[in-house]
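Notes to accompany the following structure.
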Amino acid sequence: KLGRVLTGWVQRSFQSTQAATASQNTCAADDNKATSPVPKDCPVCSYNEWDPLEEVIVGRAENACVPPFSVEVKANTYEKYWGFYQKFGGQSFPKDHLKKAVAEIEEMCNILKREGVIVKRPDPIDWSVKYKTPDFESTGMYAAMPRDILLVVGNEIIEAPMAWRARFFEYRAYRRIIKDYFNRGAKWTTAPKPTMADELYDQDYPIHSVEDRHKLAAQGKFVTTEFEPCFDAADFIRAGKDIFVQRSQVTNHMGIEWMRRHLAPDYRVHIISFKDPNPMHIDATFNIIGPGLVLSNPDRPCHQIELFKKAGWTVIRPPVPLIPDDHPLWMSSKWLSMNVLMLDEKRVMVDANETSIQKMFENLGISTIKVNIRHANSLGGGFHCWTCDIRRRGTLQSYFD
């Protein structure tokens with residue numbers, strides 16, 4: 001009886017081993033079929049903010065909606081606009097204003113094409129549609145600012161998880177483009193999607209004045225907690241092997257640590273901070289425009305600026321913006337004037353109305369490509385925000401060793 005049992009066990013084990021081997025061989029065949037080397041002409045490749053620009057994604061203002069007035073939106077907007085959010089949250093931005101913004105961005109795309117840049121656009125989506133997860137309900141916002149949601153590092157596109165509930169599904173507008181890049185050889189990573197449950201936000205965050213915000217930011221207190229990782233891609237800015245990031249209202253330390261581990265050891269992620277009452281996105285505060293050249297907002301000085309000076313970098317204080325006080329800026333400050341897009345080291349796309357900063361660039365030997373996006377500014381971004389550079393002609397270098 002024992003012999004029969006052992007014989008049966010050996011037969012079953014042999015059959016199981018044969019099946020496993022066959023399965024492994026099939027998987028190996030499938031792997032060989034599915035895996036191919038990254039093409040030399042990969043469409044995605046960008047290491048910094050200034051190498052010659054060849055391809056870019058430009059956002060869309062179409063169907064843009066005012067986000068609901070939730071705690072994280074309140075913490076990232078100025079008090080004079082809170083009534084606007086309370087009244088229009090979940091509805092379209094003013095139609096006439098939106099129409100002008102759409103026209104401005106179309107002209108911007110035309111100018112980029114004339115400068116020899118390939119332009120891609122996200123899909124138009126109805127952002128007024130309500131959605132519900134197990135943790136919250138919301139409507140959407142827009143696909144206007146690809147810099148907020150996409151970060152290109154080398155040949156990899158990283159989808160940011162975001163921090164506003166109104167932006168939870170914003171990635172959907174870009175998926176067609178990203179899938180095409182992936183099919184043509186690019187790497188594609190999506191960071192862990194936060195639940196955006198109530199625990200991610202300090203529901204009692206006290207923000208009744210600019211003084212309150214200054215004090216809280218100085219203490220390292222923000223509306224987002226460390227409940228789970230969150231970050232917007234626009235809080236990161238690239239300089240080859242060194243990537244700089246700020247802890248902000250939308251980017252927490254867990255999100256930064258995820259990026260640090262994900263990009264190590266090829267890239268170094270450095271946290272820098274500013275005297276900023278409302279930190280959200282780094283590129284209207286600290287905008288790297290060339291090797292050894294950075295624009296640093298004089299109203300929001302960088303606490304770690306000596307790091308750049310010791311490395312031999314030139315720190316430039318851009319002039320005071322010229323945008324009128326009565327122009328609506330629902331989601332940003334006037335310092336969008338320094339939120340420029342470098343087409344290469346000697347060409348910059350800059351606001352046609354901002355003559356002071358145009359002169360600054362010309363004194364630096366950088367020619368200006370002037371475009372009017374004043375109404376598009378109202379939606380919360382300048383040229384850097386409205387774009388995500390997909391391919392720049394250059395190689396990975398270190399500018400701090």
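In the structure tokens, chains take the letters A, B, ... in the order shown, each chain's residues start at 1, and ligands count up from 1 in the order shown.
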
> What's the 7 Å shell around A:Val315, counting only C-alpha atoms, without same-chain residues fewer than 6 positions away, as a list of chain:residue names?
Replying inline: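 So, after excluding close chain neighbours, the residues are A:Leu293, A:Val294, A:Leu295, A:Ser296.
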
Please save all heavy atoms of the selected residues as a PDB file, in the first residue's frame.
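Produced file out07.pdb, reproduced below:
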```
ATOM      1  N   LEU A 293      21.815  78.756 -14.317  1.00  0.00           N
ATOM      2  CA  LEU A 293      21.013  79.993 -14.382  1.00  0.00           C
ATOM      3  C   LEU A 293      19.609  79.734 -13.841  1.00  0.00           C
ATOM      4  O   LEU A 293      18.892  78.859 -14.351  1.00  0.00           O
ATOM      5  CB  LEU A 293      20.940  80.453 -15.833  1.00  0.00           C
ATOM      6  CG  LEU A 293      20.567  81.916 -16.128  1.00  0.00           C
ATOM      7  CD1 LEU A 293      21.560  82.877 -15.485  1.00  0.00           C
ATOM      8  CD2 LEU A 293      20.498  82.136 -17.627  1.00  0.00           C
ATOM      9  N   VAL A 294      19.215  80.489 -12.814  1.00  0.00           N
ATOM     10  CA  VAL A 294      17.912  80.264 -12.205  1.00  0.00           C
ATOM     11  C   VAL A 294      17.229  81.592 -11.880  1.00  0.00           C
ATOM     12  O   VAL A 294      17.875  82.548 -11.452  1.00  0.00           O
ATOM     13  CB  VAL A 294      18.033  79.397 -10.928  1.00  0.00           C
ATOM     14  CG1 VAL A 294      18.861  80.082  -9.850  1.00  0.00           C
ATOM     15  CG2 VAL A 294      16.670  79.012 -10.374  1.00  0.00           C
ATOM     16  N   LEU A 295      15.916  81.643 -12.136  1.00  0.00           N
ATOM     17  CA  LEU A 295      15.098  82.782 -11.726  1.00  0.00           C
ATOM     18  C   LEU A 295      14.575  82.498 -10.324  1.00  0.00           C
ATOM     19  O   LEU A 295      13.935  81.472 -10.092  1.00  0.00           O
ATOM     20  CB  LEU A 295      13.909  82.975 -12.675  1.00  0.00           C
ATOM     21  CG  LEU A 295      14.191  83.261 -14.146  1.00  0.00           C
ATOM     22  CD1 LEU A 295      12.879  83.479 -14.895  1.00  0.00           C
ATOM     23  CD2 LEU A 295      15.095  84.460 -14.305  1.00  0.00           C
ATOM     24  N   SER A 296      14.830  83.412  -9.401  1.00  0.00           N
ATOM     25  CA  SER A 296      14.385  83.237  -8.022  1.00  0.00           C
ATOM     26  C   SER A 296      13.490  84.404  -7.626  1.00  0.00           C
ATOM     27  O   SER A 296      13.913  85.567  -7.666  1.00  0.00           O
ATOM     28  CB  SER A 296      15.592  83.152  -7.078  1.00  0.00           C
ATOM     29  OG  SER A 296      15.173  82.909  -5.749  1.00  0.00           O
TER      30      SER A 296
END
```

Env of stretch 60-74 of chain A: 6 Å cut, atoms = only C-alpha atoms, seq-sep filter 5 positions within chain, self excluded. Answer as a PDB file with N, CA and C atoms, in the first residue's frame.
```pdb
ATOM      1  N   TYR A  85     -15.519  80.865  -5.670  1.00  0.00           N
ATOM      2  CA  TYR A  85     -15.559  79.405  -5.586  1.00  0.00           C
ATOM      3  C   TYR A  85     -16.855  78.915  -4.940  1.00  0.00           C
ATOM      4  N   GLN A  86     -17.281  79.612  -3.927  1.00  0.00           N
ATOM      5  CA  GLN A  86     -18.522  79.217  -3.248  1.00  0.00           C
ATOM      6  C   GLN A  86     -19.720  79.327  -4.185  1.00  0.00           C
ATOM      7  N   GLY A  89     -18.509  76.878  -7.796  1.00  0.00           N
ATOM      8  CA  GLY A  89     -17.906  75.548  -7.686  1.00  0.00           C
ATOM      9  C   GLY A  89     -18.751  74.485  -8.378  1.00  0.00           C
ATOM     10  N   GLY A  90     -18.120  73.692  -9.249  1.00  0.00           N
ATOM     11  CA  GLY A  90     -18.822  72.659 -10.005  1.00  0.00           C
ATOM     12  C   GLY A  90     -19.397  73.138 -11.321  1.00  0.00           C
ATOM     13  N   GLN A  91     -19.298  74.462 -11.583  1.00  0.00           N
ATOM     14  CA  GLN A  91     -19.817  75.031 -12.825  1.00  0.00           C
ATOM     15  C   GLN A  91     -18.672  75.523 -13.705  1.00  0.00           C
ATOM     16  N   SER A  92     -19.002  75.907 -14.917  1.00  0.00           N
ATOM     17  CA  SER A  92     -17.991  76.389 -15.849  1.00  0.00           C
ATOM     18  C   SER A  92     -17.378  77.704 -15.372  1.00  0.00           C
ATOM     19  N   PHE A  93     -16.106  77.907 -15.691  1.00  0.00           N
ATOM     20  CA  PHE A  93     -15.532  79.234 -15.548  1.00  0.00           C
ATOM     21  C   PHE A  93     -16.293  80.175 -16.480  1.00  0.00           C
ATOM     22  N   VAL A 102      -9.087  79.945 -24.637  1.00  0.00           N
ATOM     23  CA  VAL A 102      -8.953  78.905 -25.670  1.00  0.00           C
ATOM     24  C   VAL A 102      -8.249  79.467 -26.901  1.00  0.00           C
ATOM     25  N   ASP A 126     -15.738  66.411 -20.550  1.00  0.00           N
ATOM     26  CA  ASP A 126     -16.737  67.181 -19.817  1.00  0.00           C
ATOM     27  C   ASP A 126     -16.410  67.113 -18.326  1.00  0.00           C
ATOM     28  N   MET A 141     -12.078  69.434 -13.027  1.00  0.00           N
ATOM     29  CA  MET A 141     -11.611  70.803 -13.179  1.00  0.00           C
ATOM     30  C   MET A 141     -11.217  71.093 -14.631  1.00  0.00           C
ATOM     31  N   TYR A 142     -10.079  70.549 -15.085  1.00  0.00           N
ATOM     32  CA  TYR A 142      -9.659  70.785 -16.463  1.00  0.00           C
ATOM     33  C   TYR A 142      -8.450  69.926 -16.809  1.00  0.00           C
ATOM     34  N   ALA A 143      -8.005  70.035 -18.064  1.00  0.00           N
ATOM     35  CA  ALA A 143      -6.734  69.449 -18.493  1.00  0.00           C
ATOM     36  C   ALA A 143      -5.875  70.572 -19.067  1.00  0.00           C
ATOM     37  N   ALA A 144      -5.854  71.688 -18.369  1.00  0.00           N
ATOM     38  CA  ALA A 144      -5.167  72.887 -18.856  1.00  0.00           C
ATOM     39  C   ALA A 144      -3.671  72.869 -18.555  1.00  0.00           C
ATOM     40  N   ALA A 166     -10.823  67.485  -7.035  1.00  0.00           N
ATOM     41  CA  ALA A 166     -11.341  67.873  -8.345  1.00  0.00           C
ATOM     42  C   ALA A 166     -10.411  67.440  -9.479  1.00  0.00           C
TER      43      ALA A 166
END
```

Considering only C-alpha atoms, give me a table of residues in stretch 357-390 of chain A that are at most 12 Å from stretch 233-238 of chain A, with the closest atom pair and distance in Å for each, as a Markdown table.
```
| residue | atom | partner | partner_atom | distance |
| --- | --- | --- | --- | --- |
| A:Gly381 | CA | A:Ala234 | CA | 10.6 |
| A:Gly382 | CA | A:Ala234 | CA | 11.9 |
| A:His384 | CA | A:Ala234 | CA | 9.1 |
| A:Cys385 | CA | A:Ala234 | CA | 7.5 |
| A:Trp386 | CA | A:Ala234 | CA | 10.7 |
| A:Thr387 | CA | A:Ala234 | CA | 10.6 |
| A:Cys388 | CA | A:Ala234 | CA | 9.7 |
| A:Asp389 | CA | A:Arg238 | CA | 11.5 |
```

Which residues, written as a PDB file with N, CA, C and O atoms, in the first residue's frame, have at least one atom at most 10 Å from A:Lys193, with only C-alpha atoms counted and residues fewer than 3 positions away on the same chain left out?
```
ATOM      1  N   GLU A 159       3.185  59.865 -14.023  1.00  0.00           N
ATOM      2  CA  GLU A 159       1.882  60.469 -13.746  1.00  0.00           C
ATOM      3  C   GLU A 159       1.797  60.775 -12.260  1.00  0.00           C
ATOM      4  O   GLU A 159       1.891  59.881 -11.420  1.00  0.00           O
ATOM      5  N   ALA A 160       1.608  62.033 -11.932  1.00  0.00           N
ATOM      6  CA  ALA A 160       1.494  62.426 -10.529  1.00  0.00           C
ATOM      7  C   ALA A 160       0.142  61.990  -9.960  1.00  0.00           C
ATOM      8  O   ALA A 160      -0.861  61.958 -10.674  1.00  0.00           O
ATOM      9  N   PRO A 161       0.084  61.690  -8.663  1.00  0.00           N
ATOM     10  CA  PRO A 161      -1.178  61.262  -8.054  1.00  0.00           C
ATOM     11  C   PRO A 161      -2.145  62.407  -7.777  1.00  0.00           C
ATOM     12  O   PRO A 161      -3.327  62.186  -7.619  1.00  0.00           O
ATOM     13  N   MET A 162      -1.602  63.648  -7.690  1.00  0.00           N
ATOM     14  CA  MET A 162      -2.383  64.854  -7.414  1.00  0.00           C
ATOM     15  C   MET A 162      -2.852  64.904  -5.955  1.00  0.00           C
ATOM     16  O   MET A 162      -2.712  63.937  -5.215  1.00  0.00           O
ATOM     17  N   ALA A 163      -3.427  66.055  -5.573  1.00  0.00           N
ATOM     18  CA  ALA A 163      -3.857  66.248  -4.186  1.00  0.00           C
ATOM     19  C   ALA A 163      -5.248  66.859  -4.078  1.00  0.00           C
ATOM     20  O   ALA A 163      -5.857  66.792  -3.008  1.00  0.00           O
ATOM     21  N   PHE A 168      -8.747  64.371  -9.410  1.00  0.00           N
ATOM     22  CA  PHE A 168      -8.533  62.929  -9.218  1.00  0.00           C
ATOM     23  C   PHE A 168      -8.465  62.189 -10.553  1.00  0.00           C
ATOM     24  O   PHE A 168      -7.628  61.315 -10.766  1.00  0.00           O
ATOM     25  N   THR A 190       2.874  55.298 -13.088  1.00  0.00           N
ATOM     26  CA  THR A 190       1.868  56.058 -12.350  1.00  0.00           C
ATOM     27  C   THR A 190       2.171  55.918 -10.860  1.00  0.00           C
ATOM     28  O   THR A 190       2.310  54.816 -10.348  1.00  0.00           O
ATOM     29  N   MET A 196      -7.538  60.088  -1.165  1.00  0.00           N
ATOM     30  CA  MET A 196      -8.050  61.438  -0.907  1.00  0.00           C
ATOM     31  C   MET A 196      -9.191  61.410   0.104  1.00  0.00           C
ATOM     32  O   MET A 196     -10.150  62.176   0.036  1.00  0.00           O
ATOM     33  N   GLU A 228      -1.061  59.641   3.401  1.00  0.00           N
ATOM     34  CA  GLU A 228      -0.697  58.817   2.251  1.00  0.00           C
ATOM     35  C   GLU A 228       0.084  59.714   1.288  1.00  0.00           C
ATOM     36  O   GLU A 228       0.012  60.941   1.391  1.00  0.00           O
ATOM     37  N   PRO A 229       0.848  59.131   0.374  1.00  0.00           N
ATOM     38  CA  PRO A 229       1.625  59.974  -0.545  1.00  0.00           C
ATOM     39  C   PRO A 229       0.729  60.804  -1.460  1.00  0.00           C
ATOM     40  O   PRO A 229      -0.293  60.316  -1.952  1.00  0.00           O
ATOM     41  N   CYS A 230       1.118  62.045  -1.682  1.00  0.00           N
ATOM     42  CA  CYS A 230       0.467  62.869  -2.695  1.00  0.00           C
ATOM     43  C   CYS A 230       1.485  63.872  -3.218  1.00  0.00           C
ATOM     44  O   CYS A 230       2.382  64.284  -2.491  1.00  0.00           O
ATOM     45  N   PHE A 231       1.382  64.208  -4.468  1.00  0.00           N
ATOM     46  CA  PHE A 231       2.201  65.289  -5.030  1.00  0.00           C
ATOM     47  C   PHE A 231       1.661  65.699  -6.386  1.00  0.00           C
ATOM     48  O   PHE A 231       1.015  64.921  -7.080  1.00  0.00           O
TER      49      PHE A 231
END
```

> To one decimal place, how far is atom CA of A:Ile366 from atom CA of A:Met331 in Å?
Replying inline: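 One can read the atom CA of A:Ile366 to atom CA of A:Met331 distance as 29.0 Å.
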
Would you kindly return, as a PDB file with N, CA, C and O atoms, in the first residue's frame, each protein, DNA or RNA residue with an atom no farther than 10 Å from any atom of A:Gly365, considering only C-alpha atoms and excluding same-chain residues fewer than 4 positions away?
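This is the output file around-v5.pdb:
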```
ATOM      1  N   GLU A 345      18.508  77.282 -24.857  1.00  0.00           N
ATOM      2  CA  GLU A 345      19.225  78.199 -23.965  1.00  0.00           C
ATOM      3  C   GLU A 345      19.129  79.657 -24.400  1.00  0.00           C
ATOM      4  O   GLU A 345      19.312  80.567 -23.590  1.00  0.00           O
ATOM      5  N   LYS A 346      18.817  79.898 -25.681  1.00  0.00           N
ATOM      6  CA  LYS A 346      18.818  81.258 -26.209  1.00  0.00           C
ATOM      7  C   LYS A 346      17.452  81.728 -26.704  1.00  0.00           C
ATOM      8  O   LYS A 346      17.354  82.783 -27.329  1.00  0.00           O
ATOM      9  N   ARG A 347      16.395  80.950 -26.434  1.00  0.00           N
ATOM     10  CA  ARG A 347      15.046  81.355 -26.832  1.00  0.00           C
ATOM     11  C   ARG A 347      14.070  81.061 -25.695  1.00  0.00           C
ATOM     12  O   ARG A 347      14.088  79.965 -25.134  1.00  0.00           O
ATOM     13  N   LYS A 359      12.834  92.520 -21.286  1.00  0.00           N
ATOM     14  CA  LYS A 359      14.098  93.261 -21.287  1.00  0.00           C
ATOM     15  C   LYS A 359      15.160  92.525 -20.488  1.00  0.00           C
ATOM     16  O   LYS A 359      16.346  92.477 -20.876  1.00  0.00           O
ATOM     17  N   MET A 360      14.761  91.923 -19.375  1.00  0.00           N
ATOM     18  CA  MET A 360      15.697  91.154 -18.559  1.00  0.00           C
ATOM     19  C   MET A 360      16.319  90.022 -19.373  1.00  0.00           C
ATOM     20  O   MET A 360      17.537  89.816 -19.353  1.00  0.00           O
ATOM     21  N   PHE A 361      15.463  89.278 -20.105  1.00  0.00           N
ATOM     22  CA  PHE A 361      15.969  88.169 -20.919  1.00  0.00           C
ATOM     23  C   PHE A 361      16.886  88.668 -22.031  1.00  0.00           C
ATOM     24  O   PHE A 361      17.935  88.068 -22.306  1.00  0.00           O
TER      25      PHE A 361
END
```

>> Give me the residues near A:Trp335 as JSON, numbers by chain, where near means some atom within 10 Å (using only C-alpha atoms) and where sequence neighbours in that chain fewer than 2 positions away do not count.
In response: {"A": [283, 284, 285, 297, 299, 318, 319, 320, 321, 322, 323, 332, 333, 337, 338, 339, 381, 382]}
